[in-house]
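*Asks:* Quick one: the structure is below, and I'll ask about it shortly.
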Amino acid sequence: MPEVIEHIRTGGLLIVPEIILLVGVCVLFFIGPMLVSDAGEARPGLRNGWGLFALVTLAVAGAAWWHAGLEPVERGLFQADALLWYIRGLSLIGGALLVLVLWTQIDDAHSAEAYACLLAIIAGTSLVAAANDLVSLFLALELVSIPTYVILYLGRRDRIGGEATLKYFLLSIFSSALVLYGMSWVYGVSGSTNFGAIRLALDGAPHAGEGMLEIAFALLVAGLCFRIAAVPFHFYAPDVFQGTTASNAAVLSLIPKMVGFVALMRVIPLSGAASGGTQWVPELDAKELLAAIAVVTMFVGNLMALRQKHLFRLMAYSSIAHAGYMLIGLAVGDVLPVGGRQAILFYLATYGLMTIGVFALLIAGGGADRALATDDDVRGLSRSQPLIALMLAICLFSLTGLPPTAGFLGKLNLFFAAWSDDTHIGHGLAMCLAINAAISAYYYLRLVALMFLEPATRPDSPRVPVAWAPWLAGVACAVATIALFVTPQWLWDSIH
Amino acid sequence: MPENVQHIVMWLIPLAPLAAAIVTALLGPGGMREKSHLPCWFGLAVAVVCAYVLLWSIVPAGFAEGGSAAVVAPGYQWLDIGGMNIKLDLRADAMTAIMLSMVTLVSLLVSVFAAGYMHGDPGYPRFFACFSFFVFSMCMLVLSSSFLELFIFWEGVGLCSYLLVGFWYQKPSAAAAAKKAFVVNRIGDFGFLTGIFLVWTTFHSMDFSAVLGHPEQIAQIAADQPGRITTICLLLLLGAMGKSAQFPLHVWLPDAMEGPTPVSALIHAATMVTAGVYMIARCTPLFVHSQTAQIVVSCVGGVTALIAALIALTQNDLKRVLAYSTVSQLGYMFMALGAAAAGGDAVTLGVTAGMFHLYTHAFFKALLFLAAGSVMHSMGDVIDMRRFSGLRRALPITHWTFLCGAVALAGVPLLSGFWSKDAIFASLYTAAHVPGLETYFWLVFLSAVVTAFLTAFYTFRAYFLTFWGEERFPEEAGHHPHDAPPVMALPLRILAIFALFIGGVAALSGWFGGYLNHAIGLAAVEEEGFSAGLVTVSVAVVVAGIGLAWIMYVVAPKLPARVATAFGPLYQASLNKFYFDEIFWGIIVAPLRALAWLSSWFDRSVIDSIVDGLALVPRLFSSVPLIFQNGRLPSYAMVMWIGLLVCLAFAMRLFAN
């Protein structure tokens, strides 16, 4: 028994920022309902208070993150390596932006629960990176999923919202089942759930479980591909994005993607990393599978996006296409001189900025009650809201991958990574990336043209007051997108 | 001088004009209006002072160490991933310093002139903002430490040229000229960019010091892959041909005269168009390994010089005569650069001759353009030489300064153009005596001599037509045309002095060659003495050219019409610029238009149906999922299940053979 307690104590020390977040979650869940009357009425402006509370919690967790050191751990539930440090920082910063985006998208009575769910999702995201065991990995994945169901429901409680929530809920459970099943095959082959032990067992007996490992691998990839919204596990995305609020769409576009890629980066190399995981390159089968998914995902996402008129649906397909781009990094592995996994991590940061930026600005431009959601809403936006239109254009340029934005560097890194893998697959992936970036330019730049070149649909509609919190998040994202282009080196260095 | 002070001085050269550009852009339209030239003057003055400190003190300090000592002022490290290290540094060696001393000084003088010339224009602040930004880009171009940086600012000066050619964008001809310049330059840039890629794949670096600074490495590569260096050089040459308006990409430069005249003087005569020459001179260490490329450089220069001079003979627009003369003189510089093919000392002599001509040409051509601008200013923007004549009494300052420029350009002995042209003759003559190269270089040499004759003739034709004969003014000029006001006269006078004497001073003291020797890829060489034969030829053609112009346009003014009739088709061909625009129209533009029309048709009927079809493809392809994608949950789960099966099949190698 004392050994278990010791394990929990050392493990707990590794995840102090997440524990802080979860304490915040508890406070929100316990105190939140007390401030709401039985009829479901709350004091107007309560959401501002809870929003501020969420930001403070994130700031405290951020301070803990900044002061925590790296501790390589072989055994135990959690590990604190460079990947955790990076993902934790990314999820805390992304979390702060998402709190700002959520600010006006939730009513006062449900604000405490919504912020609690968001904080839990953030904690889960960085726990995925901290996991050093299949069990803790699965728990962390569920810590992201379950609050997501709730937050989807809280955001929009009409019939369409309910349908979207239900769809996400059921399919997500299905994918979780696949992941769990895959994990059980890994356990069956290696006899352990600990990453270190699994690695040791598989390295010690290279031919153990021949065939079984591949099945485990396929199950894990299929299950996690749901999270990153890769084809053919993407069908939920357009429906759910369209059926929920802009803030929830922002959460869905970034968080599951981050979680999915981090989990894939943790589990796929388990079998192939003879040298301890520092220089991991997927085996040929795995490479072919990942490359195939990447190519199909890119093309389906971009081609379907071409025809969309609803902006959230368009962003859903854009998010699918971006999953395809990032899968390239996983398909080529840690090639030299530009590694695929580093390229993914860099891309996640830039993608987070641009996708959160787009949703934040759509909310900010729409005013208090609804976000800009259709072509007609953004037509002529440069006349009525010049600053928001400009910032939105920067984010869209970045999504396209044009200089001078961070999105350009993100795509450049992935391109170099694919090209560095000096095989037909690598070169083919690099070319597909270039072709798809060109296709995507059409629908992103079409929006820019709508905003800047066309007259407004309703030229004399009254000027809506700008919602300051999403506005702040959107401007921060757009400015950071440019700033990251000017000084990219620190981010690249912090990945290593 | 302490190192950090050196670096600050170097950074001030581009940054002072940049600051001026920003200040003018921000404050100009609001508060400064008619005072918008002040930040520009100040910024350029700072740049001039710093450029001369660089020229006299900072760069020569490195000469003692021998070799190609270059001063590098570190700037900003942008990106360092996977062996690709992109920095924004400044690098100055002898060639940079010489270029900068010319660029900044001419810019300052032209900006002073422009304050008078542009006075009262509604776009006054915009003009000076673009002007300062141009000087910034040009200084950065010259100070670049890598091919990538060079390319960025190469495009930067191109952008400024576009903005300034189209300065009066309300005029359709100006807008069209700006567009033409931009598009023609894209052809060259395509070559340049491809060349840079090839440099990167060959040398794994884009830094000048890494690529050009190791002759033995280049020699090794040239020995291993003989075609590689030639390809790189030819691609770089294509870039230079676009920017420096060499045949057949010269068509944009004469049209660029739609811009304000100070712009023509600075950008389209003295500085930007010489960037191509500078780039090839800079890449001498590469070019020496490809005799083929050097011969091509020389031949391109020879053809351009001759054709442009022939066209200049018959133009009626004074600025166009000067524009074709610029194209022709740039051709001279290319000839000289190519003459480095002779190898050995000829490399240094050829490159030095080309750069020397660039240097002297900048002063006298800027002077000629500004004087032409002064003519335009007093003639109410009329520039057609058929509509005025005998201006020498009405515009004495303009007349004298134009004459100074004209004699320098024509190559009258002991004046600037004479010295640099003589150096070019000498290097071509040397190359023509190298076995294996005789054929090419004799032809090029011949073209150079003929062009010298034509140059003297058309320059003085323009001079006599404008300033001699009976006094006539166009009605736009009003009754009493006034000569240049002091703010325009001062730069004219200063430039006139430079135009007359800079060549002689620099050549006779041996300063220019001795200084430039220290640039990368060049070596100290024995200056060749003057060859009496060459000098005689050169003097003879100049005297003949000027004499013929005197006879035709002053003594017997009826003669030109008769000559034109006698050589009808030839005259028409020259007047119509050898129909290059029409030929390009026929062989490039029209087919492209047809192609565009075809593409548009193709786009509307085929692509649109394909896109519609593509929407069908996902729809077809999702006619499997379309059963699902209408929001029905079981179908989504079904497709995921199928996806899982495919993944499993992959993992179990069912697809692997």
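The way I read the labels, and the way they are meant: chains A, B, ... in the order of the structure tokens, residue 1 as the first residue of every chain, and ligand 1 as the first ligand shown, with later ones counted on from there.
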Return the neighbours of chain A among the residues of chain B, cut-off 6 Å, counting only C-alpha atoms, as a tab-separated table (two decimals) with C-alpha atoms, in the first residue's frame.

*Replies:*
chain	number	residue	atom	x	y	z
B	79	LEU	CA	14.30	31.44	-38.73
B	82	GLY	CA	16.67	22.19	-40.21
B	640	MET	CA	-16.85	4.80	-39.09
B	643	GLY	CA	-13.29	3.04	-41.93
B	644	LEU	CA	-12.16	0.84	-39.09
B	647	CYS	CA	-7.65	0.48	-41.22
B	648	LEU	CA	-7.55	-3.10	-40.05
B	651	ALA	CA	-2.63	-3.01	-40.79

*Asks:* Please return, as a count of residues only, all residues of range 20-206 of chain A that DSSP assigns to alpha helix (DSSP H) on the basis of the backbone.

*Replies:* 139

*Asks:* May I have the residues within 9 Å of range 56-68 of chain A as a PDB file with C-alpha atoms, in the first residue's frame, using only C-alpha atoms and disregarding those fewer than 6 positions away in the same chain?

*Replies:*
ATOM      1  CA  LEU A  14       3.779  16.174 -11.782  1.00  0.00           C
ATOM      2  CA  ILE A  15       0.322  17.484 -12.568  1.00  0.00           C
ATOM      3  CA  VAL A  16      -0.025  20.434 -10.205  1.00  0.00           C
ATOM      4  CA  PRO A  17      -1.404  22.800 -12.890  1.00  0.00           C
ATOM      5  CA  GLU A  18      -4.133  20.330 -13.789  1.00  0.00           C
ATOM      6  CA  ILE A  19      -5.028  19.833 -10.141  1.00  0.00           C
ATOM      7  CA  ILE A  20      -5.392  23.601  -9.794  1.00  0.00           C
ATOM      8  CA  LEU A  21      -7.726  23.616 -12.771  1.00  0.00           C
ATOM      9  CA  VAL A  23     -10.071  22.617  -7.996  1.00  0.00           C
ATOM     10  CA  GLY A  24     -11.450  25.513  -9.987  1.00  0.00           C
ATOM     11  CA  TRP A  85       5.526  21.259 -21.106  1.00  0.00           C
ATOM     12  CA  ARG A  88       0.320  22.277 -21.273  1.00  0.00           C
ATOM     13  CA  GLY A  89       1.350  25.795 -22.227  1.00  0.00           C
ATOM     14  CA  LEU A  92      -3.584  26.968 -21.016  1.00  0.00           C
ATOM     15  CA  ILE A  93      -3.157  29.800 -23.525  1.00  0.00           C
ATOM     16  CA  GLY A  95      -8.013  27.860 -22.769  1.00  0.00           C
ATOM     17  CA  ALA A  96      -7.722  31.526 -21.855  1.00  0.00           C
ATOM     18  CA  LEU A 119     -11.664  24.178 -17.450  1.00  0.00           C
TER      19      LEU A 119
END

*Asks:* Need to verify the contact set: range 226-240 of chain B, 10 Å, only C-alpha atoms, exclusion of same-chain residues closer than 2 positions in sequence. Can you return it as an MDAnalysis selection string?

*Replies:* chainID B and resid 151 154 185:199 202 218:224 242:246 249 273:280 283:284 286:294 296:297 300 334

*Asks:* Generate the output file for the selected residues, C-alpha atoms, as a PDB file, in the first residue's frame.

*Replies:*
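Written out: result28.pdb:
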ATOM      1  CA  PHE B 151      15.366  38.880 -53.846  1.00  0.00           C
ATOM      2  CA  TRP B 154      14.623  43.219 -55.578  1.00  0.00           C
ATOM      3  CA  ASN B 185       9.568  41.864 -64.625  1.00  0.00           C
ATOM      4  CA  ARG B 186       7.749  38.754 -63.423  1.00  0.00           C
ATOM      5  CA  ILE B 187       9.298  36.843 -66.339  1.00  0.00           C
ATOM      6  CA  GLY B 188      12.753  37.821 -65.178  1.00  0.00           C
ATOM      7  CA  ASP B 189      11.878  37.165 -61.548  1.00  0.00           C
ATOM      8  CA  PHE B 190      10.768  33.679 -62.426  1.00  0.00           C
ATOM      9  CA  GLY B 191      14.277  32.991 -63.688  1.00  0.00           C
ATOM     10  CA  PHE B 192      15.887  34.715 -60.749  1.00  0.00           C
ATOM     11  CA  LEU B 193      13.845  32.790 -58.201  1.00  0.00           C
ATOM     12  CA  THR B 194      14.513  29.480 -59.918  1.00  0.00           C
ATOM     13  CA  GLY B 195      18.196  30.388 -59.963  1.00  0.00           C
ATOM     14  CA  ILE B 196      18.107  31.074 -56.223  1.00  0.00           C
ATOM     15  CA  PHE B 197      16.443  27.726 -55.571  1.00  0.00           C
ATOM     16  CA  LEU B 198      19.138  26.074 -57.592  1.00  0.00           C
ATOM     17  CA  VAL B 199      21.815  27.929 -55.639  1.00  0.00           C
ATOM     18  CA  THR B 202      23.639  23.232 -54.906  1.00  0.00           C
ATOM     19  CA  ILE B 218      32.634  26.487 -56.613  1.00  0.00           C
ATOM     20  CA  ALA B 219      35.445  25.097 -58.729  1.00  0.00           C
ATOM     21  CA  GLN B 220      34.796  21.661 -57.247  1.00  0.00           C
ATOM     22  CA  ILE B 221      31.095  21.854 -58.085  1.00  0.00           C
ATOM     23  CA  ALA B 222      31.855  23.206 -61.529  1.00  0.00           C
ATOM     24  CA  ALA B 223      34.158  20.253 -62.121  1.00  0.00           C
ATOM     25  CA  ASP B 224      31.626  17.718 -60.831  1.00  0.00           C
ATOM     26  CA  GLY B 242      14.160  41.709 -66.576  1.00  0.00           C
ATOM     27  CA  LYS B 243      15.289  44.278 -64.070  1.00  0.00           C
ATOM     28  CA  SER B 244      17.924  45.868 -66.289  1.00  0.00           C
ATOM     29  CA  ALA B 245      15.669  45.921 -69.358  1.00  0.00           C
ATOM     30  CA  GLN B 246      17.794  43.796 -71.666  1.00  0.00           C
ATOM     31  CA  LEU B 249      12.655  42.072 -71.918  1.00  0.00           C
ATOM     32  CA  VAL B 273      17.681  49.324 -63.526  1.00  0.00           C
ATOM     33  CA  THR B 274      21.347  48.854 -62.690  1.00  0.00           C
ATOM     34  CA  ALA B 275      20.418  46.250 -60.070  1.00  0.00           C
ATOM     35  CA  GLY B 276      20.740  43.521 -62.672  1.00  0.00           C
ATOM     36  CA  VAL B 277      24.253  44.656 -63.559  1.00  0.00           C
ATOM     37  CA  TYR B 278      25.105  44.812 -59.879  1.00  0.00           C
ATOM     38  CA  MET B 279      23.751  41.327 -59.283  1.00  0.00           C
ATOM     39  CA  ILE B 280      25.800  39.801 -62.096  1.00  0.00           C
ATOM     40  CA  CYS B 283      27.992  36.821 -58.735  1.00  0.00           C
ATOM     41  CA  THR B 284      31.277  37.027 -60.643  1.00  0.00           C
ATOM     42  CA  LEU B 286      29.930  31.925 -60.212  1.00  0.00           C
ATOM     43  CA  PHE B 287      30.085  33.384 -63.690  1.00  0.00           C
ATOM     44  CA  VAL B 288      33.823  32.824 -64.059  1.00  0.00           C
ATOM     45  CA  HIS B 289      33.112  29.105 -64.079  1.00  0.00           C
ATOM     46  CA  SER B 290      30.784  29.319 -67.022  1.00  0.00           C
ATOM     47  CA  GLN B 291      32.232  30.767 -70.170  1.00  0.00           C
ATOM     48  CA  THR B 292      28.972  29.975 -71.945  1.00  0.00           C
ATOM     49  CA  ALA B 293      26.990  32.128 -69.556  1.00  0.00           C
ATOM     50  CA  GLN B 294      29.476  34.964 -69.911  1.00  0.00           C
ATOM     51  CA  VAL B 296      25.536  34.956 -73.427  1.00  0.00           C
ATOM     52  CA  VAL B 297      25.784  37.962 -71.092  1.00  0.00           C
ATOM     53  CA  VAL B 300      22.643  39.957 -74.838  1.00  0.00           C
ATOM     54  CA  PHE B 334      26.442  43.698 -69.827  1.00  0.00           C
TER      55      PHE B 334
END

*Asks:* Which distance in Å separates CA of Ala478 in chain A and CA of Leu90 in chain A, to one decimal?

*Replies:* 16.4 Å

*Asks:* Please, what distance in Å, to one decimal, runs between CA of Ala434 in chain A and CA of Val183 in chain B?

*Replies:* 24.2 Å

*Asks:* Measure the distance from CA of Ala25 in chain B to CA of His268 in chain B in Å and round it to one decimal.

*Replies:* 22.9 Å

*Asks:* Which of these, B:Pro74, B:Pro557, B:Gly158, B:Gly354, has the shortest distance to Gly513 in chain B once you count only C-alpha atoms?

*Replies:*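 Smallest separation from Gly513 in chain B among the options: B:Gly354.
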
*Asks:* Val358 in chain A: which residues within 9 Å, counting only C-alpha atoms, same-chain residues fewer than 6 positions away excluded, as a ChimeraX atom specification?

*Replies:* /A:250,315,391-393,395-396,474,477-478

*Asks:* Find, counting only C-alpha atoms, the residue in B:Leu522, B:Leu443, B:Leu164, B:Val554 that gets nearest to Thr348 in chain B.

*Replies:*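 Once distances to Thr348 in chain B are computed over only C-alpha atoms, the minimum belongs to B:Leu522.
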
*Asks:* Pick out the residues sitting within 12 Å of Phe136 in chain B, and hand them over as a VMD selection string; count only C-alpha atoms, and ignore anything fewer than 6 positions along from it in its own chain.

*Replies:* chain B and resid 11 to 22 40 43 to 44 47 100 103 to 104 107 129 to 130 142 to 144 153 to 154 156 to 157 160 272
